[in-house]
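A short worksheet on the structure shown next.
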There are 2 protein chains.
Amino acid sequence: MKEYDQLLKAARNIRTLKGIISLLHWDQETYMPSGSNGIRSEQIELLSGIMHREHTGKTFSNTLGKLVDLKSGKPLVKGLNKAELKEFYRDYKLATALPVSFVEEFARLTSESALAWQEARKKDDFQLFLPHLEKIIAMCKKKADLIGYKNHPYDALLDEYEPGMTTKEVANEFSSLKKSIVSLLKKIQGSKQVNDSFLKGNFSEKKQMEFAEILLKGIEFDKTKGRLDLSTHPFSSSTHPSDSRITSRIHKNEFMSHIRSVMHECGHSFYEMGLPEDKYGSPLGDAISLGIHESQSRFWETRIGLSKPFWKHFLPQLKEHFKLNNVTLDSFYKAINKVSPSFIRVEADEVTYPLHVILRFELETELINGKLKVKDIPEAWNGKMQELLGITPPNNTLGCLQDIHWSLGSFGYFPTYTLGNMYAAHLFTAFEKAFPKWEEKLAKGEIHFIHEWLTENIHRHGKAYTGKELLKNITGKPFSADAYNKYLSDKYKSIYGF
Amino acid sequence: MKEYDQLLKAARNIRTLKGIISLLHWDQETYMPSGSNGIRSEQIELLSGIMHREHTGKTFSNTLGKLVDLKSGKPLVKGLNKAELKEFYRDYKLATALPVSFVEEFARLTSESALAWQEARKKDDFQLFLPHLEKIIAMCKKKADLIGYKNHPYDALLDEYEPGMTTKEVANEFSSLKKSIVSLLKKIQGSKQVNDSFLKGNFSEKKQMEFAEILLKGIEFDKTKGRLDLSTHPFSSSTHPSDSRITSRIHKNEFMSHIRSVMHECGHSFYEMGLPEDKYGSPLGDAISLGIHESQSRFWETRIGLSKPFWKHFLPQLKEHFKLNNVTLDSFYKAINKVSPSFIRVEADEVTYPLHVILRFELETELINGKLKVKDIPEAWNGKMQELLGITPPNNTLGCLQDIHWSLGSFGYFPTYTLGNMYAAHLFTAFEKAFPKWEEKLAKGEIHFIHEWLTENIHRHGKAYTGKELLKNITGKPFSADAYNKYLSDKYKSIYGF
């Protein structure tokens with residue numbers, strides 16, 4: 001159908017522009033000379049504006065308007081994929097909610113803020129970031145008003161990343177999760193502690209990058225369609241299923257945070273590489289939500305990368321590479337899964353990780369509804385760290401300046417991290433049923449069956465289903481936190497022996 | 001004035017898009033995964049199309065049309081810079097000569113061809129490149145017809161790179177140059193040959209890149225506004241005066257071609273970095289022509305980088321870095337200036353270099369007027385190599401597949417290389433007058449005065465003057481080949497002692 005083809009072509013152009021913007025961000029975080037900030041912001045602002053105009057202009061709305069009613073979203077034509085049209089309509093409504101001038105200003109502001117954040121983080125000076133963050137939060141509030149919401153302004157922001165989720169649902173979920181994790185943490189802290197001293201040492205950037213290459217090969221990361229670089233904060237950035245790049249960062253005194261970052265970002269990248277290329281630009285070629293995306297990164301980082309069979313295969317190579325002697329599989333497995341409250345979210349263990357996210361979620365909702373002032377963030381952050389994890393960061397670099405997200409204006413993003421953990425656990429119940437001997441296979445270095453299962457069940461569908469539909473289709477059960485609770489409890493009971 | 005401000009803003013957006021396209025090309029040649037070719041072509045095609053539409057659309061022409069008569073180019077408003085308006089008009093006429101569909105197709109074709117060329121070059125298989133090049137030449141002919149020309153279709157192509165130059169002028173110039181160089185070459189070949197055996201050895205990529213860093217620092221290349229990477233073919237790519245990147249390539253058996261590439265590309269980069277930032281987007285913020293651009297790269301590569309005082313300063317560091325003992329300044333200076341006909345243009349000595357360019361110019365004009373068929377290029381190439389340089393390439397990788405230019409559709413580009421040499425020599429007469437003791441200063445490692453002179457006299461003016469005007473303003477004399485002939489003759493007489 002002519003109108004449908006026109007819609008796909010226009011959407012593909014919009015997606016292509018979005019991909020170029022991703023590449024500009026990637027370059028900014030990896031290879032761009034430091035003095036080019038100004039023009040980079042201008043480039044991103046210009047492309048964001050063009051993309052927005054293409055998406056909200058008459059040509060696009062006339063085309064879409066022939067396929068769906070632009071007021072109600074009802075399909076006007078039979079025989080087309082309903083999910084695809086529904087998502088096209090949803091994207092359009094979101095895009096038209098914001099005027100071009102707003103989008104351009106937001107893009108410029110966040111590009112500049114990301115640099116201010118880097119500087120503030122380096123100098124441990126929250127004041128350098130403060131005026132930028134104040135502007136960002138003011139714009140996020142305005143954004144929520146423009147998009148509209150029923151109960152909480154945060155609903156409007158959350159919905160962009162995790163469609164269908166409300167602030168209230170997340171708050172309830174997190175409140176019960178908080179209780180159960182705090183209880184688990186107490187049991188762990190009352191048990192004999194795990195020794196992980198042999199994970200510390202002096203591991204050069206070169207050696208760590210070499211081992212990352214061993215891993216990338218072992219887990220079948222396709223280097224003809226992606227690459228690994230270093231940046232201040234690890235991220236994955238995809239312009240197309242054939243160009244999906246990841247970054248990591250290295251601490252020379254230990255190698256596990258680098259390995260975990262690589263596994264994590266690979267999980268994101270595998271999702272993007274597994275999306276159907278022939279649907280590029282259509283919602284059917286796009287990822288469902290950040291939560292589902294995170295389920296893929298956590299699947300690889302924790303369910304695979306922190307599992308015993310994985311290291312049964314890779315530990316001998318790791319030991320040889322880093323010249324680690326006298327390390328047994330059992331002691332290594334326990335060490336890399338050691339639970340210990342710490343300051344940095346991305347380096348947190350599986351048990352305390354959700355607490356970091358809950359902290360951010362609680363601060364964000366209060367910043368957006370105005371109960372918390374930006375200048376009071378450091379104090380509020382440190383107070384909650386003490387309350388949830390029992391520790392207080394010695395400085396803001398290890399506290400409220402650790403994440404890039406706020407500088408990018410990504411309010412509503414953090415809760416998807418913990419939803420991702422829960423989704424991953426839910427999905428894993430089906431994976432285990434499909435491959436009862438997955439541990440034996442993984443221990444022999446087999447990886448391909450995992451890719452096949454994830455692509456077949458998740459990646460290839462794009463947005464044909466909502467997150468909740470997909471989770472139910474695959475597992476036969478509606479999504480709940482049960483699988484995640486059971487996984488955490490079983491695993492850490494066996495490690496800590498309580 | 002409102003219309004003038006609108007024009008500047010629109011032009012700045014167009015220039016910004018062009019800069020993003022440059023970055024996409026840079027990424028394609030440096031870090032892009034090999035499997036992402038398809039989407040990269042699509043990205044470049046899309047942006048080229050948007051840029052073209054912005055430049056040729058009603059908004060732009062209405063704005064420009066209030067300042068100049070769009071038929072004749074006559075200014076309609078007083079008090080504005082005439083050169084700026086004239087160049088705005090020239091760019092507009094060039095852009096409107098080509099329909100959007102043509103520009104998009106050309107962009108896609110050349111992006112794909114660049115990859116085919118890489119493959120063909122790697123496999124020494126001209127047939128892999130042949131069908132792409134045939135399409136490119138067909139499109140270049142069509143382009144010449146669309147732009148229009150008086151005498152030779154090549155005039156239309158040449159004018160894009162070197163405004164005001166005609167095929168006939170270049171042919172005459174090159175014909176006389178050919179005679180004088182062939183005569184000089186005979187004298188050189190009849191003299192005692194120079195020993196350069198100590199320049200060969202085993203020099204790792206790492207060591208060569210480290211020395212490049214020493215050089216970049218020594219010649220004041222601002223790393224906050226640029227960077228150096230490796231690629232198949234060295235190039236310089238500028239998105240803005242604050243982001244100008246260069247690449248080089250390394251042969252492990254010698255270091256001089258890398259050093260010359262770095263010096264050469266730095267010269268280009270210095271020009272871009274020296275353009276006035278506040279005129280970004282205006283012709284007053286843009287380089288005059290490829291010939292003037294090349295005068296800057298050749299200035300640094302040959303007039304500075306192959307001079308004795310330069311190496312008086314850097315040779316001790318080079319000797320230490322590469323562990324070269326028993327090399328005197330005099331023998332080193334002679335060795336790096338050794339004249340010896342060879343296959344690769346970018347590695348040619350100063351004397352034979354113009355012959356490589358003349359060869360390409362002669363082939364290009366015949367390809368464009370249809371006298372030469374694409375399939376006959378290898379034979380024609382090898383025949384001319386024998387005629388001009390007395391040598392025949394053993395394969396096409398060392399012959400007609402060595403340059404990236406044709407794959408990018410850049411017909412009309414090559415002659416500007418030799419014009420650049422001649423311009424550089426012409427400019428140098430004024431530089432020597434301004435700094436009679438430049439050799440003493442350079443020998444002490446002083447560099448800043450060179451940057452100041454080039455920026456003050458050339459870079460900061462953008463396109464305020466034509467190439468010919470600029471050359472006359474600076475030297476007081478109209479441009480001629482005299483200075484270049486005298487320079488070559490004096491220099492090589494002293495080296496070869498004839």
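Ordering of the structure tokens sets the chain letters (A, B, ...); residue numbers start at 1 within each chain; ligands are numbered from 1 in the order shown.
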
- Task: Pull out every residue of chain A sitting within 7 Å of chain B, counting only C-alpha atoms, and send them as a VMD selection string.
- Result: chain A and resid 16 33 to 36 43 223 to 227 242 to 243

Which residues are near Ala107 (chain B)? Cut-off 8 Å, only C-alpha atoms, ignore same chain within fewer than 6 positions. Put them as a list in words.
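Returned residues: Ser41, Ile44, Glu45 and Ser48 of chain B.
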
Can those selected residues be exported to a file as a PDB file, in the first residue's frame so that it contains C-alpha atoms?
```
ATOM      1  CA  SER B  41      25.948   5.014   2.808  1.00  0.00           C
ATOM      2  CA  ILE B  44      25.461  10.068   4.118  1.00  0.00           C
ATOM      3  CA  GLU B  45      22.897   9.994   1.332  1.00  0.00           C
ATOM      4  CA  SER B  48      23.499  15.070   1.617  1.00  0.00           C
TER       5      SER B  48
END
```

Correct to one decimal, the distance CA of Tyr496 (chain B)-CA of Ile188 (chain B) is 6.4 Å

Requested in this report: Looking only at helix (DSSP H, G or I) from DSSP on the backbone, list the matching residues of region 393-443 of chain A as number ranges by chain.
Outcome: A: 405-408, 415-434, 438-443

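Near region 89-106 of chain B, within 7 Å and counting only C-alpha atoms, sit Glu45, Ser48, Gly49, His52, Arg53, His55, Thr56, Gly73, Leu146 and Ile147 of chain B, not including residues fewer than 6 positions from it in the same chain.
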
Using only N, CA, C and O atoms, please write the residues we just selected to a file, as a short mmCIF file (atom, residue, chain, number, x, y, z; two decimals), in the first residue's frame.
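Written file, again.cif:
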```cif
data_model
loop_
_atom_site.label_atom_id
_atom_site.label_comp_id
_atom_site.auth_asym_id
_atom_site.auth_seq_id
_atom_site.Cartn_x
_atom_site.Cartn_y
_atom_site.Cartn_z
N GLU B 45 23.84 9.62 2.39
CA GLU B 45 22.90 9.99 1.33
C GLU B 45 21.77 10.87 1.90
O GLU B 45 21.41 11.89 1.32
N SER B 48 23.18 14.32 2.84
CA SER B 48 23.50 15.07 1.62
C SER B 48 22.22 15.62 1.00
O SER B 48 22.19 16.76 0.54
N GLY B 49 21.18 14.80 1.01
CA GLY B 49 19.90 15.23 0.45
C GLY B 49 19.30 16.38 1.24
O GLY B 49 18.84 17.38 0.66
N HIS B 52 21.30 19.51 0.61
CA HIS B 52 21.02 20.03 -0.72
C HIS B 52 19.66 20.73 -0.77
O HIS B 52 19.52 21.81 -1.36
N ARG B 53 18.66 20.11 -0.13
CA ARG B 53 17.33 20.73 -0.12
C ARG B 53 17.34 22.07 0.62
O ARG B 53 16.71 23.03 0.20
N HIS B 55 19.82 24.06 0.84
CA HIS B 55 20.59 25.03 0.05
C HIS B 55 19.82 25.50 -1.19
O HIS B 55 20.02 26.60 -1.68
N THR B 56 18.93 24.64 -1.70
CA THR B 56 18.26 24.96 -2.96
C THR B 56 16.77 25.24 -2.77
O THR B 56 16.07 25.52 -3.75
N GLY B 73 23.53 37.74 -10.29
CA GLY B 73 24.48 37.76 -9.18
C GLY B 73 24.80 39.16 -8.68
O GLY B 73 25.61 39.33 -7.77
N LEU B 146 25.18 19.36 -16.48
CA LEU B 146 24.23 20.10 -15.65
C LEU B 146 24.79 21.45 -15.21
O LEU B 146 24.09 22.45 -15.16
N ILE B 147 26.10 21.46 -14.88
CA ILE B 147 26.72 22.72 -14.43
C ILE B 147 26.95 23.64 -15.63
O ILE B 147 26.75 24.85 -15.55
#
```

task = Could you give me, as a list in words, the residues within 8 Å of Leu329 (chain A), counting only C-alpha atoms and dropping anything in the same chain fewer than 4 positions from it?
result =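 The contact residues come out as Lys308, Trp311, Lys312, Leu315 and Tyr333 of chain A.
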
Thr63 (chain B) proximity check over B:Asp5, B:Trp438, B:Gly79, B:Glu112, using only C-alpha atoms: winner is B:Asp5
